[in-house]
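Colleague: There's a structure below that I have some questions on.
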Amino acid sequence: MSSSSAPGGLGGRTALVTGAGSGIGHACARTLARAGAKVHVVDRDAETARNTAGEIDGWAHVVDLADAEACETLPNEIDVLVNNAGLQHVAALHEFPPERFTLLQQVMVTAPFLLIRRCLPHMYARGWGRIVNISSVHGVRASAFKSGYVTAKHGLEGLNKATAVEAAPYGVTSNCVNPGYVRTALVEGQIEEQASRHSIAPDEVVERVLLDRAAIKELIEPDEVAELAGWLCGPHASHITGACLSMDGGWSAS
């Protein structure tokens with residue numbers, strides 16, 4: 001049995017996951033490790049990066065993805081690349097700090113571009129590669145006061161499609177996973193802030209504010225997103241490329 005046909009399908013493969021110290025990235029790193037991959041864990045927080053790497057017997061890299069030069073220090077012999085790192089800023093457009101807008105684009109568009117550019121030669125040489133971009137329902141829909149995030153995720157969607165078209169002849173796929181609100185520290189913080197602002201219970205924030213446009217009134221769990229990302233790396237998904245797979249509880253259907 002070849003290494004790539006080992007249980008889980010990723011034996012002998014090397015993966016890199018950004019923002020892997022917590023949340024969706026942490027779940028993706030664990031899912032890929034269970035599938036047999038050796039995982040490079042990238043996060044700007046040293047403690048969480050090392051904890052995740054220790055948990056899955058991977059490698060930790062403490063990198064701020066807003067720094068283009070730092071991105072170039074990461075490994076390039078990567079078979080599976082998961083662009084997950086992200087951040088949020090909520091403000092009216094006319095009050096949105098330009099430096100925060102730029103930061104969101106650097107982390108969620110420029111860094112994925114640099115990492116894809118860096119990893120493609122290795123994938124091309126092997127005739128196989130999987131790129132999974134953790135996008136959002138905001139990659140296909142907009143919400144008020146999130147201009148930086150919505151712009152970045154729409155940009156990531158465009159990068160994903162261009163990568164898919166260009167890389168297909170080399171056996172490399174590129175896809176986006178588009179979740180709605182996921183139970184992460186980032187979202188938990190938004191729930192607390194909204195509960196305080198509107199003087200309502202956190203459960204009401206989830207149903208009436210965050211999930212107002214979703215048909216399923218439940219937060220998505222990080223492991224659910226990670227399982228879909230891992231599924232895109234399997235042999236059964238070899239003809240899925242350039243896609244954005246909605247996982248938003250029916251939000252984008254309405």
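Within each chain, counting starts at residue 1; across the structure tokens, chains are named A, B, ... in the order shown, with ligands numbered 1 upward in that order.
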Among region 20-152 of chain A, which ones does DSSP assign to strand (DSSP E or B) (computed from the backbone)? Answer as a list in words.
Modeller: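 Result set for region 20-152 of chain A (strand (DSSP E or B)): Lys38, Val39, His40, Val41, Val42, Asp43, Trp59, Ala60, His61, Val62, Val80, Leu81, Val82, Asn83, Gly129, Arg130, Ile131, Val132, Asn133 and Ile134 of chain A.
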Colleague: Might you pull out every residue within 7 Å of Ile56 (chain A), with only C-alpha atoms counted and same-chain residues fewer than 3 positions away left off, and present them as JSON, numbers by chain?
Modeller: {"A": [30, 33, 52, 53]}
Colleague: For those residues, write N, CA and C atoms to a file as a short mmCIF file (atom, residue, chain, number, x, y, z; two decimals), in the first residue's frame.
Modeller:
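Result written to part.cif:
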```
data_model
loop_
_atom_site.label_atom_id
_atom_site.label_comp_id
_atom_site.auth_asym_id
_atom_site.auth_seq_id
_atom_site.Cartn_x
_atom_site.Cartn_y
_atom_site.Cartn_z
N ARG A 30 -5.82 19.30 13.06
CA ARG A 30 -6.09 17.98 13.64
C ARG A 30 -6.70 17.04 12.62
N ALA A 33 -4.02 15.88 10.18
CA ALA A 33 -3.09 14.97 10.86
C ALA A 33 -3.72 13.59 11.01
N THR A 52 -0.66 23.40 19.52
CA THR A 52 -1.29 22.63 18.44
C THR A 52 -0.29 21.69 17.80
N ALA A 53 0.90 22.19 17.52
CA ALA A 53 1.94 21.35 16.90
C ALA A 53 2.27 20.16 17.80
#
```
Colleague: Determine, for each residue of region 192-216 of chain A having at least one atom at most 7 Å from an atom of region 246-254 of chain A, the closest pair of atoms and their separation in Å to one decimal, counting only C-alpha atoms; order by chain and ascending number, as a tab-separated table.
Modeller:
```
residue	atom	partner	partner_atom	distance
A:Arg213	CA	A:Trp251	CA	5.3
A:Ala214	CA	A:Trp251	CA	4.1
A:Ala215	CA	A:Gly250	CA	5.1
A:Ile216	CA	A:Gly249	CA	4.8
```
Colleague: Neighbouring residues of Ile134 (chain A) were defined as those with any atom within 12 Å, considering only C-alpha atoms; residues of the same chain fewer than 5 positions away were excluded. Please report them as a PyMOL selection string.
Modeller: chain A and resi 17-20+23-25+28+81-86+108-109+112+139+152-154+156-157+160+174-180+182+222+225-226+228-230+232+243-247
Colleague: Limited to N, CA and C atoms, could you put the picked residues into a file as a CSV table (one decimal), in the first residue's frame?
Modeller:
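part_29.csv written:
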```
chain,number,residue,atom,x,y,z
A,17,VAL,N,-1.2,24.9,7.5
A,17,VAL,CA,-2.4,25.5,7.9
A,17,VAL,C,-2.1,26.8,8.6
A,18,THR,N,-2.7,27.9,8.1
A,18,THR,CA,-2.5,29.2,8.7
A,18,THR,C,-3.6,29.5,9.8
A,19,GLY,N,-3.2,30.3,10.8
A,19,GLY,CA,-4.2,30.5,11.8
A,19,GLY,C,-4.6,29.2,12.6
A,20,ALA,N,-3.6,28.3,12.7
A,20,ALA,CA,-3.9,27.0,13.2
A,20,ALA,C,-3.8,26.8,14.7
A,23,GLY,N,-9.4,27.7,16.9
A,23,GLY,CA,-10.6,27.8,16.1
A,23,GLY,C,-10.6,26.8,14.9
A,24,ILE,N,-11.0,27.3,13.7
A,24,ILE,CA,-11.1,26.5,12.5
A,24,ILE,C,-9.7,26.0,12.1
A,25,GLY,N,-8.7,26.8,12.2
A,25,GLY,CA,-7.4,26.4,11.8
A,25,GLY,C,-6.9,25.2,12.7
A,28,CYS,N,-8.7,22.2,11.6
A,28,CYS,CA,-8.2,21.7,10.3
A,28,CYS,C,-6.8,21.0,10.5
A,81,LEU,N,-2.4,23.0,1.3
A,81,LEU,CA,-2.3,24.3,1.8
A,81,LEU,C,-3.7,24.8,2.3
A,82,VAL,N,-3.9,25.1,3.5
A,82,VAL,CA,-5.1,25.6,4.0
A,82,VAL,C,-4.9,27.1,4.5
A,83,ASN,N,-5.5,28.0,3.7
A,83,ASN,CA,-5.4,29.4,4.0
A,83,ASN,C,-6.6,29.7,4.9
A,84,ASN,N,-6.4,29.8,6.2
A,84,ASN,CA,-7.4,30.0,7.2
A,84,ASN,C,-7.4,31.3,8.0
A,85,ALA,N,-6.2,31.8,8.2
A,85,ALA,CA,-6.0,33.0,9.1
A,85,ALA,C,-6.9,34.1,8.7
A,86,GLY,N,-7.5,34.8,9.7
A,86,GLY,CA,-8.3,35.9,9.4
A,86,GLY,C,-8.5,36.8,10.6
A,108,MET,N,-5.7,38.3,4.6
A,108,MET,CA,-6.7,37.4,4.0
A,108,MET,C,-6.7,37.3,2.5
A,109,VAL,N,-5.9,38.2,1.8
A,109,VAL,CA,-5.7,38.1,0.4
A,109,VAL,C,-4.3,38.0,0.0
A,112,PRO,N,-2.5,34.7,1.4
A,112,PRO,CA,-2.8,33.5,0.6
A,112,PRO,C,-2.2,33.5,-0.7
A,139,GLY,N,-18.0,36.0,1.6
A,139,GLY,CA,-17.3,35.9,0.3
A,139,GLY,C,-18.3,36.0,-0.9
A,152,ALA,N,-12.2,41.5,1.6
A,152,ALA,CA,-11.1,40.5,1.6
A,152,ALA,C,-11.6,39.2,1.2
A,153,LYS,N,-12.8,38.8,1.7
A,153,LYS,CA,-13.3,37.4,1.3
A,153,LYS,C,-13.7,37.4,-0.1
A,154,HIS,N,-14.2,38.5,-0.7
A,154,HIS,CA,-14.5,38.5,-2.1
A,154,HIS,C,-13.2,38.4,-2.9
A,156,LEU,N,-10.5,36.9,-1.9
A,156,LEU,CA,-10.0,35.5,-1.8
A,156,LEU,C,-10.8,34.5,-2.7
A,157,GLU,N,-12.1,34.8,-2.9
A,157,GLU,CA,-12.9,34.0,-3.9
A,157,GLU,C,-12.3,34.2,-5.3
A,160,ASN,N,-9.1,32.3,-5.6
A,160,ASN,CA,-9.4,30.8,-5.6
A,160,ASN,C,-9.7,30.4,-7.0
A,174,SER,N,-8.2,23.9,-6.2
A,174,SER,CA,-8.3,25.0,-5.2
A,174,SER,C,-9.8,25.3,-5.0
A,175,ASN,N,-10.2,25.3,-3.8
A,175,ASN,CA,-11.6,25.5,-3.4
A,175,ASN,C,-11.7,26.4,-2.2
A,176,CYS,N,-12.9,27.0,-2.1
A,176,CYS,CA,-13.2,27.7,-0.9
A,176,CYS,C,-14.3,27.0,-0.1
A,177,VAL,N,-14.2,27.1,1.2
A,177,VAL,CA,-15.2,26.6,2.1
A,177,VAL,C,-15.8,27.9,2.7
A,178,ASN,N,-17.1,28.0,2.6
A,178,ASN,CA,-17.8,29.3,3.0
A,178,ASN,C,-18.8,29.1,4.1
A,179,PRO,N,-18.3,29.1,5.3
A,179,PRO,CA,-19.2,28.9,6.5
A,179,PRO,C,-19.9,30.2,6.9
A,180,GLY,N,-21.0,30.1,7.6
A,180,GLY,CA,-21.6,31.2,8.3
A,180,GLY,C,-20.8,31.5,9.6
A,182,VAL,N,-19.2,30.7,12.9
A,182,VAL,CA,-18.6,29.5,13.5
A,182,VAL,C,-18.3,29.8,15.0
A,222,PRO,N,-16.3,24.3,14.7
A,222,PRO,CA,-15.0,24.3,13.9
A,222,PRO,C,-14.7,23.0,13.3
A,225,VAL,N,-16.4,22.5,9.9
A,225,VAL,CA,-15.7,23.2,8.8
A,225,VAL,C,-14.5,22.4,8.4
A,226,ALA,N,-13.7,21.9,9.4
A,226,ALA,CA,-12.5,21.1,9.1
A,226,ALA,C,-12.8,19.8,8.4
A,228,LEU,N,-15.1,19.3,6.2
A,228,LEU,CA,-15.4,19.6,4.8
A,228,LEU,C,-14.1,20.0,4.1
A,229,ALA,N,-13.2,20.7,4.8
A,229,ALA,CA,-11.9,21.0,4.2
A,229,ALA,C,-11.1,19.7,4.0
A,230,GLY,N,-11.1,18.8,4.9
A,230,GLY,CA,-10.4,17.6,4.8
A,230,GLY,C,-11.0,16.7,3.6
A,232,LEU,N,-12.3,17.8,0.9
A,232,LEU,CA,-11.8,18.3,-0.4
A,232,LEU,C,-10.4,17.9,-0.7
A,243,ALA,N,-14.5,25.9,-6.8
A,243,ALA,CA,-15.8,26.0,-6.2
A,243,ALA,C,-15.8,26.7,-4.9
A,244,CYS,N,-17.0,27.2,-4.5
A,244,CYS,CA,-17.1,27.8,-3.1
A,244,CYS,C,-18.3,27.0,-2.5
A,245,LEU,N,-18.0,26.2,-1.5
A,245,LEU,CA,-18.9,25.3,-0.9
A,245,LEU,C,-19.6,26.0,0.3
A,246,SER,N,-20.8,26.3,0.1
A,246,SER,CA,-21.5,27.0,1.2
A,246,SER,C,-21.8,26.1,2.4
A,247,MET,N,-21.6,26.6,3.6
A,247,MET,CA,-21.8,25.9,4.8
A,247,MET,C,-22.4,27.0,5.8
```
Colleague: Just want the 7 Å neighbourhood of Val39 (chain A), counted on only C-alpha atoms, with same-chain residues fewer than 4 positions away dropped. Output as a ChimeraX atom specification.
Modeller: /A:14-16,29,33,58-59
Colleague: For Lys161 (chain A), which of A:Ser143, A:Thr102, A:Thr110, A:Thr241 is the closest residue, counting only C-alpha atoms?
Modeller: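 The answer is A:Thr241, which sits nearest to Lys161 (chain A).
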Colleague: Quick one: residues within 8 Å of Glu192 (chain A), only C-alpha atoms counted, chain neighbours fewer than 4 positions away excluded, as number ranges by chain?
Modeller: A: 188, 196, 202
Colleague: Restricting it to N, CA and C atoms, dump the selection as an mmCIF file, in the first residue's frame.
Modeller:
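Saved the output as result-v4.cif:
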```cif
data_model
loop_
_atom_site.group_PDB
_atom_site.id
_atom_site.type_symbol
_atom_site.label_atom_id
_atom_site.label_comp_id
_atom_site.auth_asym_id
_atom_site.auth_seq_id
_atom_site.Cartn_x
_atom_site.Cartn_y
_atom_site.Cartn_z
ATOM 1 N N GLU A 188 -17.416 34.457 19.519
ATOM 2 C CA GLU A 188 -17.847 34.580 20.912
ATOM 3 C C GLU A 188 -17.675 36.016 21.401
ATOM 4 N N SER A 196 -24.162 43.021 25.098
ATOM 5 C CA SER A 196 -24.031 44.221 25.916
ATOM 6 C C SER A 196 -24.665 45.430 25.243
ATOM 7 N N PRO A 202 -27.066 36.368 25.411
ATOM 8 C CA PRO A 202 -26.219 35.863 24.324
ATOM 9 C C PRO A 202 -26.958 34.940 23.354
#
```
Colleague: Which of these, A:Glu99, A:Leu87, A:Ser147, A:Asp203, has the shortest distance to Ser135 (chain A) once you count only C-alpha atoms?
Modeller: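 Between A:Glu99, A:Leu87, A:Ser147, A:Asp203, the residue approaching Ser135 (chain A) most closely is A:Leu87.
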Colleague: To one decimal in Å, tell me the separation between CA of Gly129 (chain A) and CA of Asp79 (chain A).
Modeller: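 Atom-to-atom, CA of Gly129 (chain A) and CA of Asp79 (chain A) are spaced 5.0 Å apart.
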Colleague: Grab the CA of Val41 (chain A) to CA of His61 (chain A) distance for me, in Å with one decimal place.
Modeller: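 One can read the CA of Val41 (chain A) to CA of His61 (chain A) distance as 6.0 Å.
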